[in-house]
Structures are given as C-alpha cells and as structure tokens.
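Q: Below is a structure I'd like to ask you about.
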Amino acid sequence: MKTIMICGSRRNNGNTNAILKEFDKQLSSEKIPGYKNKCYNVARMNIHPCKSCLSCAKKDKCVVRDDFQKIADKMLKSDLIILGSPVYFSDVSASLKAFIDRTFSLWHKKMLKGKKVILIATCAESGTGHTIDTMRHFAREHEMDIIGTIEGISEEKGKVLKNEMTVKAIQDIVRSCN
Ligand SMILES: Cc1cc2nc3c(=O)[nH]c(=O)nc-3n(C[C@H](O)[C@H](O)[C@H](O)COP(=O)(O)O)c2cc1C
C-alpha cells in the first residue's frame, strides 16, 4: 500500500509529526503488503496559494511552478493519503490550506476519487472538530474514502502520544487498513 503523509506543521518534533510517525510505525509493523511511505511537510516547502487563474480546468494541471506538483504526482500514485494539521484558530494551518486549495487542479476530473484518506488535527485545548470538518470537506469534494480521523490534544510539544486513547485510536485505524 503506497502511502503519502502530508504535514501542515512547521514545528520540529511537534504533535502532528508525532502522530504521523506513530502511523508510520504501526503501518510498518502491521506488515501491510507493499507498504511504502513518503512524508512531506508543506509548511517547510514552497507552496503558493491558489491564484484562481482556472487554467487547471483546461490543462488538468496546476500552472504555478513550485513544490506542489511534486506532491500531487506522489499523491496520484498513492493508495492512502494521511493529512495532518495543527489547529490554528480552530482550523487547519495556512500552509495546509494553501496545499488543499491547490488540489483544485486534481478536482475537475476527480483524480483522487476512491483514494483512502486519514485526517489528523492536533490542538492544545479545543478546535479539532472544526479543523477536521475543513479536511472532511476537502476529502468529500474529491470523493475520497475517509477511513479514520484522529483528534490529538497536547499543550506540550510532541507529547500528544502520552494520551493512550490517541494511540489506541491510531491502532484501530491501522488494523482496518489490513
Ligand atoms: C497560530 C496558532 C493558533 C493556534 N490556535 C489554537 C486553537 O484555536 N486551539 C487550540 O487548542 N490550540 C491552538 N494552537 C495550539 C496548537 O494547535 C497546538 O500547540 C498543537 O499541538 C500544535 O501542533 P504541532 O506541534 O504539530 O505544531 C494554536 C497555535 C498557533 C501557533
């Protein structure tokens, strides 16, 4: 199962990253046939906001030249997409939103249709519901198959896995992948 992870947090060793790493660890140990994973951090890449030129409606490709196309190509070859964001004012980070908007280029011909997707939001206190909802709209618009959602809570950087319920929720989703 070819997997791509997309992280929207700029923090080194942060909570979103910790959850993504745990998914990778568990998916590897579950011995899922052909499991291969590539992780991209959109907050550390050069991804401009959508400029609404609508060229993609004719060309089926985004005409903006930056790092987006690299991720898009990888996503098209993947069976599972794991999307993770920190909660910023009860929503996804600006970096992840810019990435989501750029996938408009894949939406016209529903190029992501049927791909499995896992949605992750991490907060200090609250706001994961609205954040997951933003991601859910993205996945539904692309007619993807949402196989699980994770809402992590931690004030401390990278300590989100101290919560056993979060680790168990990851395990449950991973088991359903096999
Ligand atoms: C700009 C900004 C806005 C934030 N807004 C919220 C919020 O609305 N609710 C919340 O509980 N935490 C909020 N936080 C805290 C982060 O969501 C929290 O620390 C999260 O674990 C960060 O994930 P990361 O370590 O993967 O970056 C905010 C942090 C920043 C920097």
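The chains in the structure tokens are called A, B, ... from first to last as shown; in each chain the residues are counted from 1, and the ligands are counted from 1 in the order shown.
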Would you write out, as a tab-separated table, a table of all residues in chain A that have an atom no more than 6 Å from an atom of ligand 1, listing for each the closest atom pair and the distance in Å to one decimal, considering only C-alpha atoms and all ligand atoms and ordering rows by chain and rising residue number?
A:
residue	atom	partner	partner_atom_place_in_ligand_line	distance
A:Ser9	CA	ligand 1	27 (O)	4.5
A:Arg11	CA	ligand 1	27 (O)	4.9
A:Gly14	CA	ligand 1	25 (O)	3.3
A:Asn15	CA	ligand 1	25 (O)	3.8
A:Thr16	CA	ligand 1	26 (O)	3.6
A:Asn17	CA	ligand 1	26 (O)	5.7
A:Pro86	CA	ligand 1	23 (O)	4.0
A:Val87	CA	ligand 1	17 (O)	3.9
A:Tyr88	CA	ligand 1	3 (C)	3.5
A:Phe89	CA	ligand 1	8 (O)	3.3
A:Ser90	CA	ligand 1	8 (O)	4.1
A:Thr122	CA	ligand 1	21 (O)	4.8
A:Cys123	CA	ligand 1	17 (O)	3.5
A:Ala124	CA	ligand 1	11 (O)	3.7
A:Glu125	CA	ligand 1	11 (O)	3.5
A:Ser126	CA	ligand 1	11 (O)	3.9
A:Gly127	CA	ligand 1	9 (N)	5.0
A:Ser154	CA	ligand 1	21 (O)	5.4
A:Glu155	CA	ligand 1	19 (O)	5.6
A:Lys157	CA	ligand 1	25 (O)	5.2
A:Gly158	CA	ligand 1	25 (O)	5.9
Q: Quick one: write out the picked residues with N, CA and C atoms as a PDB file, in the first residue's frame?
A:
ATOM      1  N   SER A   9       2.415  21.266   9.859  1.00  0.00           N
ATOM      2  CA  SER A   9       3.026  21.972  10.998  1.00  0.00           C
ATOM      3  C   SER A   9       4.477  22.289  10.726  1.00  0.00           C
ATOM      4  N   ARG A  11       6.499  23.095  13.190  1.00  0.00           N
ATOM      5  CA  ARG A  11       7.282  22.799  14.395  1.00  0.00           C
ATOM      6  C   ARG A  11       8.075  21.508  14.255  1.00  0.00           C
ATOM      7  N   GLY A  14       6.926  18.237  16.535  1.00  0.00           N
ATOM      8  CA  GLY A  14       5.661  18.672  17.125  1.00  0.00           C
ATOM      9  C   GLY A  14       4.659  17.535  17.242  1.00  0.00           C
ATOM     10  N   ASN A  15       3.442  17.881  17.597  1.00  0.00           N
ATOM     11  CA  ASN A  15       2.409  16.879  17.860  1.00  0.00           C
ATOM     12  C   ASN A  15       1.867  16.224  16.593  1.00  0.00           C
ATOM     13  N   THR A  16       1.673  17.021  15.548  1.00  0.00           N
ATOM     14  CA  THR A  16       1.174  16.443  14.281  1.00  0.00           C
ATOM     15  C   THR A  16       2.196  15.436  13.764  1.00  0.00           C
ATOM     16  N   ASN A  17       3.456  15.848  13.829  1.00  0.00           N
ATOM     17  CA  ASN A  17       4.538  14.981  13.394  1.00  0.00           C
ATOM     18  C   ASN A  17       4.595  13.687  14.223  1.00  0.00           C
ATOM     19  N   PRO A  86      -1.849  21.094  12.568  1.00  0.00           N
ATOM     20  CA  PRO A  86      -2.095  21.671  13.890  1.00  0.00           C
ATOM     21  C   PRO A  86      -3.355  22.525  13.801  1.00  0.00           C
ATOM     22  N   VAL A  87      -4.023  22.719  14.914  1.00  0.00           N
ATOM     23  CA  VAL A  87      -5.210  23.592  14.942  1.00  0.00           C
ATOM     24  C   VAL A  87      -4.734  25.027  15.137  1.00  0.00           C
ATOM     25  N   TYR A  88      -5.056  25.879  14.190  1.00  0.00           N
ATOM     26  CA  TYR A  88      -4.756  27.308  14.291  1.00  0.00           C
ATOM     27  C   TYR A  88      -6.087  28.065  14.234  1.00  0.00           C
ATOM     28  N   PHE A  89      -6.436  28.696  15.324  1.00  0.00           N
ATOM     29  CA  PHE A  89      -7.727  29.390  15.435  1.00  0.00           C
ATOM     30  C   PHE A  89      -8.860  28.503  14.910  1.00  0.00           C
ATOM     31  N   SER A  90      -8.889  27.289  15.467  1.00  0.00           N
ATOM     32  CA  SER A  90      -9.942  26.305  15.177  1.00  0.00           C
ATOM     33  C   SER A  90      -9.998  25.847  13.723  1.00  0.00           C
ATOM     34  N   THR A 122      -4.357  18.359  15.541  1.00  0.00           N
ATOM     35  CA  THR A 122      -3.827  18.404  16.910  1.00  0.00           C
ATOM     36  C   THR A 122      -3.961  19.816  17.471  1.00  0.00           C
ATOM     37  N   CYS A 123      -4.441  19.883  18.701  1.00  0.00           N
ATOM     38  CA  CYS A 123      -4.649  21.201  19.316  1.00  0.00           C
ATOM     39  C   CYS A 123      -4.075  21.203  20.735  1.00  0.00           C
ATOM     40  N   ALA A 124      -4.056  22.384  21.350  1.00  0.00           N
ATOM     41  CA  ALA A 124      -3.648  22.485  22.748  1.00  0.00           C
ATOM     42  C   ALA A 124      -4.855  22.259  23.658  1.00  0.00           C
ATOM     43  N   GLU A 125      -6.012  22.759  23.226  1.00  0.00           N
ATOM     44  CA  GLU A 125      -7.207  22.664  24.082  1.00  0.00           C
ATOM     45  C   GLU A 125      -8.467  22.280  23.312  1.00  0.00           C
ATOM     46  N   SER A 126      -8.750  23.016  22.226  1.00  0.00           N
ATOM     47  CA  SER A 126     -10.004  22.793  21.501  1.00  0.00           C
ATOM     48  C   SER A 126      -9.876  23.259  20.051  1.00  0.00           C
ATOM     49  N   GLY A 127     -10.851  22.873  19.253  1.00  0.00           N
ATOM     50  CA  GLY A 127     -10.882  23.340  17.862  1.00  0.00           C
ATOM     51  C   GLY A 127     -10.630  22.251  16.833  1.00  0.00           C
ATOM     52  N   SER A 154      -2.650  18.165  23.089  1.00  0.00           N
ATOM     53  CA  SER A 154      -1.467  18.287  23.951  1.00  0.00           C
ATOM     54  C   SER A 154      -0.991  19.737  23.991  1.00  0.00           C
ATOM     55  N   GLU A 155      -0.795  20.228  25.175  1.00  0.00           N
ATOM     56  CA  GLU A 155      -0.229  21.580  25.296  1.00  0.00           C
ATOM     57  C   GLU A 155       1.260  21.522  25.018  1.00  0.00           C
ATOM     58  N   LYS A 157       4.742  20.334  23.395  1.00  0.00           N
ATOM     59  CA  LYS A 157       5.241  19.965  22.070  1.00  0.00           C
ATOM     60  C   LYS A 157       5.631  18.482  22.000  1.00  0.00           C
ATOM     61  N   GLY A 158       5.044  17.778  21.058  1.00  0.00           N
ATOM     62  CA  GLY A 158       5.422  16.391  20.806  1.00  0.00           C
ATOM     63  C   GLY A 158       4.947  15.378  21.832  1.00  0.00           C
TER      64      GLY A 158
END
Q: Do you have, as a tab-separated table, the list of residues of segment 40-66 of chain A lying at most 6 Å from segment 98-107 of chain A, each with its nearest atom pair and that distance in Å to one decimal, counting only C-alpha atoms and ordered by chain then number?
A:
residue	atom	partner	partner_atom	distance
A:Pro49	CA	A:Ala98	CA	4.7
A:Cys50	CA	A:Arg102	CA	5.3
A:Cys56	CA	A:Ser105	CA	4.9
A:Asp60	CA	A:Ser105	CA	5.8
A:Lys61	CA	A:Ser105	CA	5.4
A:Cys62	CA	A:Ser105	CA	5.4
Q: Keeping only C-alpha atoms, write those residues as a compact mmCIF listing (two decimals), in the first residue's frame.
A:
# COMPACT_ATOMS: atom_id res chain seq x y z
CA PRO A 49 -1.77 29.91 -2.54
CA CYS A 50 -4.11 29.16 -5.48
CA CYS A 56 -6.23 23.84 -14.34
CA ASP A 60 -5.77 19.26 -15.64
CA LYS A 61 -2.55 20.50 -14.05
CA CYS A 62 -1.66 23.49 -11.92
Q: Compile the contact shell of Ile82 of chain A as a list in words: residues with an atom at most 7 Å away, counting only C-alpha atoms, same-chain residues fewer than 6 positions apart removed.
A: Ile4, Met5, Ile6, Val117, Ile118 and Leu119 of chain A
Q: Could the residues in this selection be written to a file with N, CA and C atoms, as a PDB file, in the first residue's frame?
A:
ATOM      1  N   ILE A   4       1.153   8.324   1.353  1.00  0.00           N
ATOM      2  CA  ILE A   4       1.780   9.646   1.410  1.00  0.00           C
ATOM      3  C   ILE A   4       1.249  10.367   2.646  1.00  0.00           C
ATOM      4  N   MET A   5       2.170  10.960   3.396  1.00  0.00           N
ATOM      5  CA  MET A   5       1.775  11.744   4.574  1.00  0.00           C
ATOM      6  C   MET A   5       2.039  13.206   4.279  1.00  0.00           C
ATOM      7  N   ILE A   6       1.088  14.046   4.616  1.00  0.00           N
ATOM      8  CA  ILE A   6       1.232  15.480   4.372  1.00  0.00           C
ATOM      9  C   ILE A   6       1.036  16.216   5.698  1.00  0.00           C
ATOM     10  N   VAL A 117      -8.228   7.993   2.807  1.00  0.00           N
ATOM     11  CA  VAL A 117      -7.642   9.157   3.469  1.00  0.00           C
ATOM     12  C   VAL A 117      -7.877   9.097   4.981  1.00  0.00           C
ATOM     13  N   ILE A 118      -6.839   9.514   5.723  1.00  0.00           N
ATOM     14  CA  ILE A 118      -6.942   9.629   7.186  1.00  0.00           C
ATOM     15  C   ILE A 118      -6.689  11.100   7.520  1.00  0.00           C
ATOM     16  N   LEU A 119      -7.517  11.654   8.397  1.00  0.00           N
ATOM     17  CA  LEU A 119      -7.438  13.078   8.728  1.00  0.00           C
ATOM     18  C   LEU A 119      -7.012  13.252  10.188  1.00  0.00           C
TER      19      LEU A 119
END
Q: Looking only at the backbone, which of the residues in segment 132-169 of chain A does DSSP tag as alpha helix (DSSP H), as a ChimeraX atom specification?
A: /A:132-141,164-169
Q: Which is closest to Phe138 of chain A among A:Ile153, A:Val167, A:Val92, A:Ile173, if we use only C-alpha atoms?
A: A:Val92
Q: Using only C-alpha atoms for the distances, tell me which of A:Gly8, A:Val42, A:Asn178, A:Lys58 is nearest to Lys109 of chain A.
A: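 Closest residue, counting only C-alpha atoms: A:Lys58.
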Q: Which parts of chain A does DSSP call strand (DSSP E or B) when run on the backbone here, written out as a PyMOL selection string?
A: chain A and resi 2-7+36-41+80-86+88+91+116-123+145-153
Q: May I have the residues from that selection written out with N, CA and C atoms, as a compact mmCIF listing (two decimals), in the first residue's frame?
A:
# COMPACT_ATOMS: atom_id res chain seq x y z
N LYS A 2 0.86 1.97 -1.10
CA LYS A 2 1.66 3.20 -1.18
C LYS A 2 0.96 4.30 -0.40
N THR A 3 1.71 4.91 0.51
CA THR A 3 1.14 5.92 1.42
C THR A 3 1.89 7.23 1.31
N ILE A 4 1.15 8.32 1.35
CA ILE A 4 1.78 9.65 1.41
C ILE A 4 1.25 10.37 2.65
N MET A 5 2.17 10.96 3.40
CA MET A 5 1.78 11.74 4.57
C MET A 5 2.04 13.21 4.28
N ILE A 6 1.09 14.05 4.62
CA ILE A 6 1.23 15.48 4.37
C ILE A 6 1.04 16.22 5.70
N CYS A 7 2.11 16.87 6.15
CA CYS A 7 2.09 17.53 7.46
C CYS A 7 2.03 19.05 7.29
N LYS A 36 4.73 1.32 1.70
CA LYS A 36 5.82 2.27 1.41
C LYS A 36 5.29 3.63 1.77
N ASN A 37 6.11 4.46 2.40
CA ASN A 37 5.60 5.75 2.86
C ASN A 37 6.55 6.88 2.51
N LYS A 38 5.95 8.01 2.11
CA LYS A 38 6.76 9.21 1.89
C LYS A 38 6.03 10.36 2.59
N CYS A 39 6.79 11.10 3.41
CA CYS A 39 6.18 12.19 4.18
C CYS A 39 6.67 13.55 3.66
N TYR A 40 5.72 14.46 3.45
CA TYR A 40 6.05 15.82 3.00
C TYR A 40 5.57 16.81 4.05
N ASN A 41 6.38 17.83 4.30
CA ASN A 41 5.94 18.89 5.21
C ASN A 41 5.66 20.15 4.40
N LEU A 80 -3.11 5.48 -0.10
CA LEU A 80 -3.55 6.08 1.17
C LEU A 80 -2.90 7.45 1.36
N ILE A 81 -3.71 8.43 1.71
CA ILE A 81 -3.20 9.79 1.97
C ILE A 81 -3.49 10.11 3.44
N ILE A 82 -2.45 10.48 4.18
CA ILE A 82 -2.66 10.86 5.59
C ILE A 82 -2.34 12.34 5.72
N LEU A 83 -3.37 13.09 6.09
CA LEU A 83 -3.27 14.55 6.13
C LEU A 83 -3.29 15.01 7.58
N GLY A 84 -2.27 15.78 8.01
CA GLY A 84 -2.24 16.21 9.41
C GLY A 84 -2.02 17.70 9.54
N SER A 85 -2.76 18.31 10.45
CA SER A 85 -2.59 19.75 10.67
C SER A 85 -2.64 20.10 12.15
N PRO A 86 -1.85 21.09 12.57
CA PRO A 86 -2.09 21.67 13.89
C PRO A 86 -3.35 22.52 13.80
N TYR A 88 -5.06 25.88 14.19
CA TYR A 88 -4.76 27.31 14.29
C TYR A 88 -6.09 28.07 14.23
N ASP A 91 -8.88 25.95 13.01
CA ASP A 91 -8.89 25.49 11.61
C ASP A 91 -7.51 24.95 11.23
N LYS A 116 -7.99 6.22 -0.27
CA LYS A 116 -8.25 6.20 1.17
C LYS A 116 -7.58 7.41 1.80
N VAL A 117 -8.23 7.99 2.81
CA VAL A 117 -7.64 9.16 3.47
C VAL A 117 -7.88 9.10 4.98
N ILE A 118 -6.84 9.51 5.72
CA ILE A 118 -6.94 9.63 7.19
C ILE A 118 -6.69 11.10 7.52
N LEU A 119 -7.52 11.65 8.40
CA LEU A 119 -7.44 13.08 8.73
C LEU A 119 -7.01 13.25 10.19
N ILE A 120 -6.02 14.11 10.42
CA ILE A 120 -5.48 14.31 11.78
C ILE A 120 -5.47 15.80 12.12
N ALA A 121 -5.96 16.14 13.31
CA ALA A 121 -5.85 17.52 13.79
C ALA A 121 -5.32 17.48 15.22
N THR A 122 -4.36 18.36 15.54
CA THR A 122 -3.83 18.40 16.91
C THR A 122 -3.96 19.82 17.47
N CYS A 123 -4.44 19.88 18.70
CA CYS A 123 -4.65 21.20 19.32
C CYS A 123 -4.08 21.20 20.73
N ASP A 145 -12.21 8.31 0.17
CA ASP A 145 -12.82 7.41 1.16
C ASP A 145 -12.16 7.68 2.54
N ILE A 146 -12.86 8.38 3.41
CA ILE A 146 -12.29 8.72 4.73
C ILE A 146 -12.34 7.46 5.61
N ILE A 147 -11.15 6.91 5.96
CA ILE A 147 -11.15 5.67 6.75
C ILE A 147 -10.91 5.93 8.24
N GLY A 148 -10.61 7.16 8.59
CA GLY A 148 -10.44 7.46 10.02
C GLY A 148 -10.04 8.89 10.27
N THR A 149 -10.33 9.35 11.48
CA THR A 149 -9.92 10.69 11.89
C THR A 149 -9.30 10.61 13.29
N ILE A 150 -8.30 11.43 13.53
CA ILE A 150 -7.64 11.49 14.84
C ILE A 150 -7.65 12.93 15.34
N GLU A 151 -8.11 13.11 16.58
CA GLU A 151 -8.07 14.44 17.18
C GLU A 151 -7.12 14.37 18.38
N GLY A 152 -5.91 14.92 18.23
CA GLY A 152 -4.91 14.88 19.29
C GLY A 152 -4.95 16.15 20.13
N ILE A 153 -4.74 15.95 21.44
CA ILE A 153 -4.71 17.13 22.32
C ILE A 153 -3.43 17.09 23.16
Q: Write out as a list in words each polymer residue whose atoms come within 9 Å of Gly114 of chain A, counting only C-alpha atoms; drop sequence neighbours fewer than 5 positions from it.
A: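 In the requested format, the answer is Asp79, His142, Glu143, Met144 and Asp145 of chain A.
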Q: Between atom CA of Ser28 of chain A and atom CA of Phe68 of chain A, what is the distance, to one decimal in Å?
A: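 Separation between atom CA of Ser28 of chain A and atom CA of Phe68 of chain A: 26.7 Å.
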Q: So, counting only C-alpha atoms, which residue among A:Ala18, A:Ile170, A:Ile32, A:Ile47 is closest to Ala94 of chain A?
A: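 Smallest distance to Ala94 of chain A is found for A:Ile47.
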Q: Rank A:Thr134, A:Glu141, A:Leu96, A:Arg10 by their smallest atom-to-atom distance to Lys110 of chain A, using only C-alpha atoms, and report the top residue only.
A: A:Glu141
Q: Could you jot down the atom CA of Asp73 of chain A to atom CA of Cys177 of chain A separation for me, Å, one decimal place?
A: 22.6 Å
